[in-house]
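S.K.: Sharing final_31.txt, compact mmCIF, N, CA, C and O atoms:
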```txt
# COMPACT_ATOMS: atom_id res chain seq x y z
N PHE A 467 13.69 -12.79 12.12
CA PHE A 467 14.85 -11.92 12.10
C PHE A 467 15.94 -12.55 11.26
O PHE A 467 16.13 -13.75 11.27
N GLN A 468 16.66 -11.70 10.56
CA GLN A 468 17.75 -12.18 9.73
C GLN A 468 18.91 -11.20 9.86
O GLN A 468 18.74 -9.99 9.69
N VAL A 469 20.09 -11.70 10.21
CA VAL A 469 21.29 -10.87 10.30
C VAL A 469 22.05 -11.03 9.00
O VAL A 469 22.38 -12.14 8.59
N ASP A 470 22.29 -9.91 8.32
CA ASP A 470 22.95 -9.93 7.02
C ASP A 470 24.04 -8.87 7.00
O ASP A 470 23.75 -7.68 7.10
N SER A 471 25.30 -9.28 6.94
CA SER A 471 26.45 -8.36 6.91
C SER A 471 26.44 -7.38 8.07
O SER A 471 26.73 -6.21 7.92
N GLY A 472 26.04 -7.84 9.21
CA GLY A 472 26.03 -6.99 10.40
C GLY A 472 24.74 -6.23 10.61
O GLY A 472 24.53 -5.64 11.67
N GLY A 473 23.86 -6.19 9.60
CA GLY A 473 22.58 -5.50 9.73
C GLY A 473 21.49 -6.48 10.14
O GLY A 473 21.58 -7.68 9.87
N LEU A 474 20.48 -5.98 10.78
CA LEU A 474 19.35 -6.80 11.21
C LEU A 474 18.17 -6.53 10.29
O LEU A 474 17.78 -5.38 10.12
N ARG A 475 17.61 -7.56 9.70
CA ARG A 475 16.45 -7.42 8.83
C ARG A 475 15.27 -8.14 9.46
O ARG A 475 15.35 -9.32 9.80
N ILE A 476 14.18 -7.41 9.58
CA ILE A 476 12.94 -8.00 10.09
C ILE A 476 12.05 -8.22 8.87
O ILE A 476 11.62 -7.27 8.23
N GLN A 477 11.79 -9.48 8.54
CA GLN A 477 11.09 -9.83 7.30
C GLN A 477 9.66 -9.29 7.23
O GLN A 477 9.32 -8.58 6.33
N THR A 478 8.84 -9.66 8.16
CA THR A 478 7.45 -9.20 8.20
C THR A 478 7.23 -8.55 9.56
O THR A 478 7.07 -9.24 10.56
N VAL A 479 7.25 -7.23 9.57
CA VAL A 479 7.18 -6.48 10.83
C VAL A 479 5.82 -6.68 11.48
O VAL A 479 4.78 -6.63 10.83
N GLU A 480 5.84 -6.93 12.79
CA GLU A 480 4.62 -7.07 13.60
C GLU A 480 4.72 -6.15 14.79
O GLU A 480 5.81 -5.69 15.15
N LYS A 481 3.58 -5.88 15.42
CA LYS A 481 3.56 -5.02 16.62
C LYS A 481 4.52 -5.53 17.68
O LYS A 481 5.17 -4.75 18.36
N SER A 482 4.65 -6.84 17.81
CA SER A 482 5.52 -7.43 18.83
C SER A 482 7.01 -7.16 18.55
O SER A 482 7.84 -7.37 19.43
N ASP A 483 7.36 -6.68 17.35
CA ASP A 483 8.76 -6.36 17.03
C ASP A 483 9.18 -5.02 17.61
O ASP A 483 10.38 -4.70 17.64
N ALA A 484 8.24 -4.23 18.07
CA ALA A 484 8.59 -2.94 18.68
C ALA A 484 9.45 -3.17 19.92
O ALA A 484 9.26 -4.16 20.63
N GLY A 485 10.39 -2.29 20.13
CA GLY A 485 11.23 -2.41 21.32
C GLY A 485 12.57 -1.72 21.12
O GLY A 485 12.76 -0.96 20.19
N ARG A 486 13.49 -2.01 22.01
CA ARG A 486 14.82 -1.39 21.99
C ARG A 486 15.84 -2.40 21.47
O ARG A 486 15.96 -3.49 22.01
N TYR A 487 16.56 -2.01 20.45
CA TYR A 487 17.55 -2.87 19.81
C TYR A 487 18.95 -2.27 19.99
O TYR A 487 19.10 -1.06 20.11
N GLN A 488 19.94 -3.16 19.97
CA GLN A 488 21.32 -2.73 20.12
C GLN A 488 22.23 -3.65 19.30
O GLN A 488 22.04 -4.88 19.30
N CYS A 489 23.22 -3.07 18.64
CA CYS A 489 24.21 -3.85 17.90
C CYS A 489 25.44 -4.02 18.79
O CYS A 489 25.92 -3.06 19.40
N ILE A 490 25.91 -5.23 18.85
CA ILE A 490 27.09 -5.55 19.68
C ILE A 490 28.14 -6.18 18.79
O ILE A 490 27.88 -7.17 18.10
N ALA A 491 29.34 -5.59 18.78
CA ALA A 491 30.48 -6.14 18.02
C ALA A 491 31.48 -6.67 19.04
O ALA A 491 31.84 -5.98 20.00
N GLU A 492 31.92 -7.89 18.82
CA GLU A 492 32.78 -8.54 19.82
C GLU A 492 33.87 -9.35 19.12
O GLU A 492 33.63 -10.02 18.13
N ASN A 493 35.08 -9.21 19.64
CA ASN A 493 36.18 -10.09 19.23
C ASN A 493 37.07 -10.31 20.44
O ASN A 493 36.73 -9.90 21.55
N SER A 494 38.20 -10.96 20.25
CA SER A 494 39.08 -11.29 21.38
C SER A 494 39.68 -10.04 22.03
O SER A 494 40.13 -10.08 23.17
N ALA A 495 39.69 -8.91 21.33
CA ALA A 495 40.27 -7.68 21.88
C ALA A 495 39.29 -6.89 22.74
O ALA A 495 39.69 -6.27 23.73
N ALA A 496 37.99 -6.88 22.37
CA ALA A 496 37.04 -6.04 23.12
C ALA A 496 35.61 -6.31 22.66
O ALA A 496 35.37 -7.04 21.70
N VAL A 497 34.71 -5.67 23.38
CA VAL A 497 33.28 -5.69 23.03
C VAL A 497 32.84 -4.23 22.89
O VAL A 497 33.15 -3.40 23.75
N ARG A 498 32.16 -3.93 21.81
CA ARG A 498 31.62 -2.58 21.60
C ARG A 498 30.10 -2.68 21.37
O ARG A 498 29.63 -3.60 20.71
N GLU A 499 29.41 -1.70 21.92
CA GLU A 499 27.94 -1.67 21.80
C GLU A 499 27.50 -0.32 21.27
O GLU A 499 28.04 0.71 21.67
N THR A 500 26.52 -0.34 20.38
CA THR A 500 25.93 0.92 19.90
C THR A 500 24.94 1.42 20.95
O THR A 500 24.49 0.66 21.82
N PRO A 501 24.58 2.70 20.88
CA PRO A 501 23.47 3.16 21.71
C PRO A 501 22.20 2.39 21.31
O PRO A 501 22.10 1.86 20.20
N LEU A 502 21.26 2.33 22.21
CA LEU A 502 20.00 1.64 21.94
C LEU A 502 19.22 2.36 20.84
O LEU A 502 19.22 3.58 20.75
N VAL A 503 18.56 1.57 20.01
CA VAL A 503 17.69 2.09 18.97
C VAL A 503 16.26 1.70 19.34
O VAL A 503 15.98 0.52 19.55
N ASN A 504 15.40 2.69 19.44
CA ASN A 504 14.01 2.42 19.80
C ASN A 504 13.20 2.24 18.51
O ASN A 504 13.09 3.16 17.70
N LEU A 505 12.66 1.06 18.30
CA LEU A 505 11.86 0.76 17.11
C LEU A 505 10.38 0.82 17.48
O LEU A 505 9.90 0.04 18.30
N GLY A 506 9.68 1.76 16.87
CA GLY A 506 8.23 1.85 17.02
C GLY A 506 7.58 1.23 15.79
O GLY A 506 8.09 1.36 14.68
N VAL A 507 6.47 0.57 15.97
CA VAL A 507 5.77 -0.08 14.86
C VAL A 507 4.36 0.49 14.78
O VAL A 507 3.60 0.43 15.75
N HIS A 508 4.04 1.09 13.63
CA HIS A 508 2.70 1.62 13.40
C HIS A 508 1.84 0.56 12.73
O HIS A 508 2.34 -0.33 12.04
N GLU A 509 0.56 0.67 12.92
CA GLU A 509 -0.39 -0.28 12.35
C GLU A 509 -1.42 0.50 11.53
O GLU A 509 -2.03 1.45 12.02
N PRO A 510 -1.62 0.14 10.26
CA PRO A 510 -2.59 0.87 9.44
C PRO A 510 -4.01 0.76 10.00
O PRO A 510 -4.30 -0.18 10.76
N PRO A 511 -4.88 1.70 9.64
CA PRO A 511 -6.26 1.63 10.13
C PRO A 511 -6.94 0.33 9.70
O PRO A 511 -6.68 -0.20 8.63
N TYR A 512 -7.81 -0.15 10.58
CA TYR A 512 -8.64 -1.32 10.28
C TYR A 512 -9.99 -1.11 10.95
O TYR A 512 -10.12 -0.30 11.87
N PHE A 513 -11.00 -1.80 10.45
CA PHE A 513 -12.35 -1.63 11.01
C PHE A 513 -12.65 -2.72 12.03
O PHE A 513 -12.56 -3.91 11.74
N ILE A 514 -12.98 -2.27 13.22
CA ILE A 514 -13.45 -3.16 14.29
C ILE A 514 -14.93 -3.45 14.03
O ILE A 514 -15.39 -4.58 14.18
N GLU A 515 -15.64 -2.41 13.64
CA GLU A 515 -17.06 -2.55 13.26
C GLU A 515 -17.31 -1.59 12.11
O GLU A 515 -17.06 -0.38 12.24
N ALA A 516 -17.77 -2.10 10.99
CA ALA A 516 -18.06 -1.29 9.80
C ALA A 516 -19.58 -1.16 9.65
O ALA A 516 -20.32 -2.04 10.09
N PRO A 517 -20.02 -0.06 9.01
CA PRO A 517 -21.47 0.09 8.82
C PRO A 517 -22.01 -0.96 7.85
O PRO A 517 -21.28 -1.44 6.99
N PRO A 518 -23.28 -1.30 7.99
CA PRO A 518 -23.88 -2.26 7.05
C PRO A 518 -23.99 -1.62 5.66
O PRO A 518 -23.96 -0.40 5.53
N SER A 519 -24.15 -2.43 4.64
CA SER A 519 -24.23 -1.90 3.27
C SER A 519 -25.55 -1.15 3.03
O SER A 519 -25.61 -0.27 2.19
N THR A 520 -26.59 -1.50 3.77
CA THR A 520 -27.86 -0.75 3.69
C THR A 520 -28.43 -0.57 5.09
O THR A 520 -28.24 -1.42 5.97
N LYS A 521 -29.12 0.53 5.26
CA LYS A 521 -29.76 0.82 6.56
C LYS A 521 -30.97 1.69 6.25
O LYS A 521 -30.92 2.54 5.39
N GLN A 522 -32.07 1.47 6.96
CA GLN A 522 -33.28 2.25 6.76
C GLN A 522 -33.67 2.93 8.05
O GLN A 522 -33.42 2.42 9.14
N GLY A 523 -34.29 4.10 7.91
CA GLY A 523 -34.76 4.85 9.06
C GLY A 523 -36.10 5.48 8.75
O GLY A 523 -36.61 5.39 7.63
N VAL A 524 -36.66 6.14 9.74
CA VAL A 524 -37.96 6.80 9.61
C VAL A 524 -37.73 8.31 9.58
O VAL A 524 -36.97 8.85 10.40
N VAL A 525 -38.40 9.00 8.62
CA VAL A 525 -38.27 10.44 8.48
C VAL A 525 -38.56 11.11 9.83
O VAL A 525 -39.51 10.77 10.52
N GLY A 526 -37.67 12.04 10.20
CA GLY A 526 -37.83 12.79 11.46
C GLY A 526 -37.10 12.16 12.63
O GLY A 526 -36.89 12.81 13.64
N ASN A 527 -36.75 10.89 12.53
CA ASN A 527 -36.02 10.21 13.60
C ASN A 527 -34.52 10.39 13.43
O ASN A 527 -34.03 10.85 12.40
N ASP A 528 -33.78 10.00 14.44
CA ASP A 528 -32.32 9.95 14.38
C ASP A 528 -31.90 8.54 13.99
O ASP A 528 -32.62 7.58 14.23
N ILE A 529 -30.71 8.42 13.39
CA ILE A 529 -30.19 7.11 13.03
C ILE A 529 -28.68 7.10 13.25
O ILE A 529 -28.01 8.10 13.02
N LEU A 530 -28.17 5.98 13.74
CA LEU A 530 -26.74 5.82 13.98
C LEU A 530 -26.16 4.86 12.96
O LEU A 530 -26.61 3.71 12.85
N LEU A 531 -25.19 5.33 12.19
CA LEU A 531 -24.44 4.48 11.27
C LEU A 531 -23.16 4.09 12.00
O LEU A 531 -22.28 4.92 12.22
N LYS A 532 -23.08 2.83 12.40
CA LYS A 532 -21.96 2.39 13.23
C LYS A 532 -20.67 2.26 12.43
O LYS A 532 -20.68 1.77 11.29
N CYS A 533 -19.59 2.71 13.03
CA CYS A 533 -18.26 2.54 12.46
C CYS A 533 -17.25 2.74 13.58
O CYS A 533 -17.22 3.79 14.22
N HIS A 534 -16.44 1.72 13.80
CA HIS A 534 -15.41 1.78 14.85
C HIS A 534 -14.12 1.30 14.22
O HIS A 534 -14.05 0.18 13.72
N ALA A 535 -13.10 2.17 14.22
CA ALA A 535 -11.83 1.84 13.58
C ALA A 535 -10.71 1.78 14.61
O ALA A 535 -10.73 2.48 15.62
N GLY A 536 -9.72 0.94 14.32
CA GLY A 536 -8.54 0.83 15.17
C GLY A 536 -7.29 1.07 14.34
O GLY A 536 -7.35 1.21 13.12
N GLY A 537 -6.15 1.09 14.99
CA GLY A 537 -4.86 1.29 14.35
C GLY A 537 -3.92 1.96 15.32
O GLY A 537 -4.30 2.34 16.42
N ASP A 538 -2.68 2.10 14.93
CA ASP A 538 -1.68 2.75 15.79
C ASP A 538 -0.78 3.62 14.92
O ASP A 538 -0.07 3.09 14.06
N PRO A 539 -0.87 4.94 15.08
CA PRO A 539 -1.70 5.65 16.05
C PRO A 539 -3.19 5.54 15.70
O PRO A 539 -3.54 5.19 14.58
N SER A 540 -4.03 5.84 16.68
CA SER A 540 -5.48 5.74 16.47
C SER A 540 -5.90 6.62 15.30
O SER A 540 -5.52 7.78 15.24
N PRO A 541 -6.66 6.06 14.37
CA PRO A 541 -7.06 6.85 13.20
C PRO A 541 -8.18 7.83 13.51
O PRO A 541 -8.96 7.62 14.44
N GLN A 542 -8.22 8.90 12.74
CA GLN A 542 -9.36 9.81 12.79
C GLN A 542 -10.39 9.28 11.80
O GLN A 542 -10.03 8.85 10.71
N VAL A 543 -11.64 9.31 12.20
CA VAL A 543 -12.71 8.81 11.34
C VAL A 543 -13.44 10.00 10.73
O VAL A 543 -13.80 10.95 11.44
N ARG A 544 -13.61 9.97 9.41
CA ARG A 544 -14.38 10.98 8.69
C ARG A 544 -15.48 10.28 7.92
O ARG A 544 -15.37 9.10 7.61
N TRP A 545 -16.52 11.00 7.60
CA TRP A 545 -17.63 10.45 6.84
C TRP A 545 -17.88 11.31 5.61
O TRP A 545 -17.75 12.53 5.66
N ARG A 546 -18.28 10.65 4.52
CA ARG A 546 -18.65 11.33 3.28
C ARG A 546 -19.99 10.80 2.79
O ARG A 546 -20.33 9.66 3.03
N LYS A 547 -20.69 11.68 2.09
CA LYS A 547 -21.92 11.29 1.40
C LYS A 547 -21.81 11.82 -0.02
O LYS A 547 -21.56 13.00 -0.22
N ASP A 548 -21.94 10.94 -0.98
CA ASP A 548 -21.83 11.33 -2.39
C ASP A 548 -20.53 12.10 -2.66
O ASP A 548 -20.54 13.15 -3.29
N SER A 549 -19.42 11.60 -2.12
CA SER A 549 -18.07 12.16 -2.32
C SER A 549 -17.86 13.52 -1.67
O SER A 549 -16.87 14.20 -1.96
N ARG A 550 -18.75 13.94 -0.79
CA ARG A 550 -18.58 15.22 -0.08
C ARG A 550 -18.64 14.96 1.41
O ARG A 550 -19.36 14.05 1.87
N ASP A 551 -17.91 15.76 2.19
CA ASP A 551 -17.95 15.60 3.65
C ASP A 551 -19.38 15.77 4.15
O ASP A 551 -20.15 16.58 3.62
N VAL A 552 -19.73 15.00 5.17
CA VAL A 552 -21.07 15.04 5.75
C VAL A 552 -21.31 16.38 6.44
O VAL A 552 -20.41 16.95 7.06
N ASP A 553 -22.53 16.88 6.31
CA ASP A 553 -22.93 18.15 6.93
C ASP A 553 -22.88 18.03 8.45
O ASP A 553 -23.64 17.27 9.04
N LYS A 554 -22.00 18.78 9.07
CA LYS A 554 -21.82 18.69 10.53
C LYS A 554 -22.91 19.43 11.29
O LYS A 554 -23.00 19.31 12.50
N GLN A 555 -23.76 20.19 10.60
CA GLN A 555 -24.86 20.88 11.26
C GLN A 555 -25.96 19.89 11.67
O GLN A 555 -26.65 20.10 12.65
N ARG A 556 -26.08 18.80 10.90
CA ARG A 556 -27.16 17.85 11.14
C ARG A 556 -26.67 16.48 11.57
O ARG A 556 -27.43 15.52 11.61
N SER A 557 -25.39 16.38 11.84
CA SER A 557 -24.84 15.08 12.22
C SER A 557 -23.74 15.25 13.25
O SER A 557 -23.18 16.33 13.42
N LYS A 558 -23.42 14.14 13.92
CA LYS A 558 -22.35 14.13 14.92
C LYS A 558 -21.56 12.84 14.76
O LYS A 558 -22.15 11.77 14.64
N ILE A 559 -20.24 12.97 14.76
CA ILE A 559 -19.40 11.78 14.80
C ILE A 559 -19.20 11.43 16.27
O ILE A 559 -18.71 12.25 17.05
N ILE A 560 -19.60 10.24 16.64
CA ILE A 560 -19.49 9.78 18.02
C ILE A 560 -18.31 8.82 18.09
O ILE A 560 -18.33 7.77 17.45
N ASP A 561 -17.27 9.22 18.82
CA ASP A 561 -16.05 8.41 18.90
C ASP A 561 -16.34 6.96 19.23
O ASP A 561 -17.11 6.65 20.13
N ASN A 562 -15.70 6.07 18.46
CA ASN A 562 -15.79 4.62 18.64
C ASN A 562 -17.20 4.06 18.48
O ASN A 562 -17.46 2.93 18.87
N ARG A 563 -18.12 4.86 17.93
CA ARG A 563 -19.48 4.35 17.71
C ARG A 563 -19.95 4.54 16.29
O ARG A 563 -20.46 3.62 15.69
N GLY A 564 -19.80 5.76 15.73
CA GLY A 564 -20.24 5.98 14.37
C GLY A 564 -20.74 7.38 14.12
O GLY A 564 -20.39 8.33 14.81
N LEU A 565 -21.60 7.51 13.11
CA LEU A 565 -22.16 8.78 12.69
C LEU A 565 -23.63 8.83 13.09
O LEU A 565 -24.42 7.96 12.70
N LEU A 566 -24.01 9.85 13.86
CA LEU A 566 -25.39 10.04 14.27
C LEU A 566 -26.00 11.11 13.37
O LEU A 566 -25.56 12.26 13.38
N LEU A 567 -26.99 10.70 12.54
CA LEU A 567 -27.74 11.64 11.71
C LEU A 567 -29.00 11.99 12.47
O LEU A 567 -29.77 11.11 12.86
N GLU A 568 -29.21 13.28 12.66
CA GLU A 568 -30.35 13.74 13.45
C GLU A 568 -31.48 14.23 12.54
O GLU A 568 -31.23 14.87 11.53
N ASN A 569 -32.71 13.90 12.91
CA ASN A 569 -33.89 14.35 12.20
C ASN A 569 -33.75 14.07 10.70
O ASN A 569 -33.76 14.98 9.88
N ILE A 570 -33.63 12.78 10.37
CA ILE A 570 -33.32 12.41 8.98
C ILE A 570 -34.46 12.77 8.03
O ILE A 570 -35.63 12.86 8.41
N HIS A 571 -34.05 13.02 6.77
CA HIS A 571 -34.97 13.37 5.69
C HIS A 571 -34.69 12.45 4.51
O HIS A 571 -33.61 11.85 4.44
N PRO A 572 -35.60 12.35 3.54
CA PRO A 572 -35.39 11.45 2.40
C PRO A 572 -34.10 11.71 1.63
O PRO A 572 -33.52 10.80 1.07
N ASN A 573 -33.61 12.97 1.59
CA ASN A 573 -32.37 13.25 0.84
C ASN A 573 -31.11 12.94 1.65
O ASN A 573 -30.01 13.16 1.16
N ASP A 574 -31.25 12.42 2.87
CA ASP A 574 -30.09 12.01 3.66
C ASP A 574 -29.61 10.68 3.13
O ASP A 574 -28.54 10.26 3.24
```
Turn the structure described in the file into structure tokens.
M.R.:
Amino acid sequence: FQVDSGGLRIQTVEKSDAGRYQCIAENSAAVRETPLVNLGVHEPPYFIEAPPSTKQGVVGNDILLKCHAGGDPSPQVRWRKDSRDVDKQRSKIIDNRGLLLENIHPND
């Protein structure tokens, strides 16, 4: 934390910096306080578990591509194949686990 000309500067914001802050001005005549300021700190998405760079399966079987992401607020996970959204008719996104491809084929 750094106080500069009455302002408070937080150099490298961390989750632990979240909280309620208040400015207090004081001299021999009186003390004045601002209303509380609630500081929320968001965290960009990060991978708790990322899918492997290669995975193999057997035609006709199901396969799970694991992917678990964190962040604040919690991120939404989407999947793409060849720059297009994955076909939701043949797959399911399983929260905190990954993408389940059902009845896989060679073009999957």
S.K.: For the atom pair atom C of Pro510 (chain A) and atom O of Gly564 (chain A), what is the interatomic distance in Å to one decimal place?
M.R.: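 Interatomic distance, atom C of Pro510 (chain A) to atom O of Gly564 (chain A): 18.7 Å.
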S.K.: Using all atoms listed in the file for the distances, tell me which of A:Ser482, A:Gln488, A:Asn527, A:Ser519 is nearest to Val507 (chain A).
M.R.: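 So, comparing all the options, the nearest one is A:Ser482.
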S.K.: Name the residues in contact with Lys481 (chain A) at a cut-off of 8 Å, using all atoms listed in the file, excluding same-chain residues fewer than 3 positions from it; report them as a PDB file with N, CA, C and O atoms, in the frame of the given file.
M.R.:
```
ATOM      1  N   THR A 478       8.840  -9.660   8.160  1.00  0.00           N
ATOM      2  CA  THR A 478       7.450  -9.200   8.200  1.00  0.00           C
ATOM      3  C   THR A 478       7.230  -8.550   9.560  1.00  0.00           C
ATOM      4  O   THR A 478       7.070  -9.240  10.560  1.00  0.00           O
ATOM      5  N   ALA A 484       8.240  -4.230  18.070  1.00  0.00           N
ATOM      6  CA  ALA A 484       8.590  -2.940  18.680  1.00  0.00           C
ATOM      7  C   ALA A 484       9.450  -3.170  19.920  1.00  0.00           C
ATOM      8  O   ALA A 484       9.260  -4.160  20.630  1.00  0.00           O
ATOM      9  N   GLY A 485      10.390  -2.290  20.130  1.00  0.00           N
ATOM     10  CA  GLY A 485      11.230  -2.410  21.320  1.00  0.00           C
ATOM     11  C   GLY A 485      12.570  -1.720  21.120  1.00  0.00           C
ATOM     12  O   GLY A 485      12.760  -0.960  20.190  1.00  0.00           O
ATOM     13  N   LEU A 505      12.660   1.060  18.300  1.00  0.00           N
ATOM     14  CA  LEU A 505      11.860   0.760  17.110  1.00  0.00           C
ATOM     15  C   LEU A 505      10.380   0.820  17.480  1.00  0.00           C
ATOM     16  O   LEU A 505       9.900   0.040  18.300  1.00  0.00           O
ATOM     17  N   GLY A 506       9.680   1.760  16.870  1.00  0.00           N
ATOM     18  CA  GLY A 506       8.230   1.850  17.020  1.00  0.00           C
ATOM     19  C   GLY A 506       7.580   1.230  15.790  1.00  0.00           C
ATOM     20  O   GLY A 506       8.090   1.360  14.680  1.00  0.00           O
ATOM     21  N   VAL A 507       6.470   0.570  15.970  1.00  0.00           N
ATOM     22  CA  VAL A 507       5.770  -0.080  14.860  1.00  0.00           C
ATOM     23  C   VAL A 507       4.360   0.490  14.780  1.00  0.00           C
ATOM     24  O   VAL A 507       3.600   0.430  15.750  1.00  0.00           O
ATOM     25  N   HIS A 508       4.040   1.090  13.630  1.00  0.00           N
ATOM     26  CA  HIS A 508       2.700   1.620  13.400  1.00  0.00           C
ATOM     27  C   HIS A 508       1.840   0.560  12.730  1.00  0.00           C
ATOM     28  O   HIS A 508       2.340  -0.330  12.040  1.00  0.00           O
ATOM     29  N   GLU A 509       0.560   0.670  12.920  1.00  0.00           N
ATOM     30  CA  GLU A 509      -0.390  -0.280  12.350  1.00  0.00           C
ATOM     31  C   GLU A 509      -1.420   0.500  11.530  1.00  0.00           C
ATOM     32  O   GLU A 509      -2.030   1.450  12.020  1.00  0.00           O
TER      33      GLU A 509
END
```
S.K.: Which polymer residues, whether protein, DNA or RNA, lie within 8 Å of the coordinate (-30.4, 14.9, 11.6) when you count only C-alpha atoms? List them as a PDB file with N, CA, C and O atoms, in the coordinates of the input, using the chain letters and numbers from the file.
M.R.:
```pdb
ATOM      1  N   GLY A 526     -37.670  12.040  10.200  1.00  0.00           N
ATOM      2  CA  GLY A 526     -37.830  12.790  11.460  1.00  0.00           C
ATOM      3  C   GLY A 526     -37.100  12.160  12.630  1.00  0.00           C
ATOM      4  O   GLY A 526     -36.890  12.810  13.640  1.00  0.00           O
ATOM      5  N   ASN A 527     -36.750  10.890  12.530  1.00  0.00           N
ATOM      6  CA  ASN A 527     -36.020  10.210  13.600  1.00  0.00           C
ATOM      7  C   ASN A 527     -34.520  10.390  13.430  1.00  0.00           C
ATOM      8  O   ASN A 527     -34.030  10.850  12.400  1.00  0.00           O
ATOM      9  N   ASP A 528     -33.780  10.000  14.440  1.00  0.00           N
ATOM     10  CA  ASP A 528     -32.320   9.950  14.380  1.00  0.00           C
ATOM     11  C   ASP A 528     -31.900   8.540  13.990  1.00  0.00           C
ATOM     12  O   ASP A 528     -32.620   7.580  14.230  1.00  0.00           O
ATOM     13  N   ILE A 529     -30.710   8.420  13.390  1.00  0.00           N
ATOM     14  CA  ILE A 529     -30.190   7.110  13.030  1.00  0.00           C
ATOM     15  C   ILE A 529     -28.680   7.100  13.250  1.00  0.00           C
ATOM     16  O   ILE A 529     -28.010   8.100  13.020  1.00  0.00           O
ATOM     17  N   ARG A 556     -26.080  18.800  10.900  1.00  0.00           N
ATOM     18  CA  ARG A 556     -27.160  17.850  11.140  1.00  0.00           C
ATOM     19  C   ARG A 556     -26.670  16.480  11.570  1.00  0.00           C
ATOM     20  O   ARG A 556     -27.430  15.520  11.610  1.00  0.00           O
ATOM     21  N   SER A 557     -25.390  16.380  11.840  1.00  0.00           N
ATOM     22  CA  SER A 557     -24.840  15.080  12.220  1.00  0.00           C
ATOM     23  C   SER A 557     -23.740  15.250  13.250  1.00  0.00           C
ATOM     24  O   SER A 557     -23.180  16.330  13.420  1.00  0.00           O
ATOM     25  N   LEU A 566     -24.010   9.850  13.860  1.00  0.00           N
ATOM     26  CA  LEU A 566     -25.390  10.040  14.270  1.00  0.00           C
ATOM     27  C   LEU A 566     -26.000  11.110  13.370  1.00  0.00           C
ATOM     28  O   LEU A 566     -25.560  12.260  13.380  1.00  0.00           O
ATOM     29  N   LEU A 567     -26.990  10.700  12.540  1.00  0.00           N
ATOM     30  CA  LEU A 567     -27.740  11.640  11.710  1.00  0.00           C
ATOM     31  C   LEU A 567     -29.000  11.990  12.470  1.00  0.00           C
ATOM     32  O   LEU A 567     -29.770  11.110  12.860  1.00  0.00           O
ATOM     33  N   GLU A 568     -29.210  13.280  12.660  1.00  0.00           N
ATOM     34  CA  GLU A 568     -30.350  13.740  13.450  1.00  0.00           C
ATOM     35  C   GLU A 568     -31.480  14.230  12.540  1.00  0.00           C
ATOM     36  O   GLU A 568     -31.230  14.870  11.530  1.00  0.00           O
ATOM     37  N   ASN A 569     -32.710  13.900  12.910  1.00  0.00           N
ATOM     38  CA  ASN A 569     -33.890  14.350  12.200  1.00  0.00           C
ATOM     39  C   ASN A 569     -33.750  14.070  10.700  1.00  0.00           C
ATOM     40  O   ASN A 569     -33.760  14.980   9.880  1.00  0.00           O
ATOM     41  N   ILE A 570     -33.630  12.780  10.370  1.00  0.00           N
ATOM     42  CA  ILE A 570     -33.320  12.410   8.980  1.00  0.00           C
ATOM     43  C   ILE A 570     -34.460  12.770   8.030  1.00  0.00           C
ATOM     44  O   ILE A 570     -35.630  12.860   8.410  1.00  0.00           O
ATOM     45  N   HIS A 571     -34.050  13.020   6.770  1.00  0.00           N
ATOM     46  CA  HIS A 571     -34.970  13.370   5.690  1.00  0.00           C
ATOM     47  C   HIS A 571     -34.690  12.450   4.510  1.00  0.00           C
ATOM     48  O   HIS A 571     -33.610  11.850   4.440  1.00  0.00           O
TER      49      HIS A 571
END
```
S.K.: DSSP on the backbone: which residues in region 470-567 of chain A end up as strand (DSSP E)? Give the answer as a ChimeraX atom specification.
M.R.: /A:470,473-475,485-487,490-492,497-499,503-505,509-515,529-532,534-538,546-547,550-551,557-560,564-567
S.K.: Would you place a box with edges along x, y and z of the file around all atoms of region 479-483 of chain A listed there, add 4 Å to each of its six sides, and report the centre and edge lengths in Å to one decimal, as lines of an AutoDock Vina configuration file?
M.R.:
```
center_x = 7.0
center_y = -6.1
center_z = 14.5
size_x = 14.8
size_y = 10.7
size_z = 17.9
```
S.K.: Hey, which of A:Asp561, A:Leu531, A:Asn493, A:Gly537 ends up closest to Phe513 (chain A)? Count all atoms listed in the file.
M.R.: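 Going through A:Asp561, A:Leu531, A:Asn493, A:Gly537 one by one, the smallest distance to Phe513 (chain A) is for A:Gly537.
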S.K.: If you count all atoms listed in the file, which residues fall within 7 Å of Thr500 (chain A), apart from same-chain ones fewer than 6 positions away, as a ChimeraX atom specification?
M.R.: /A:487-491
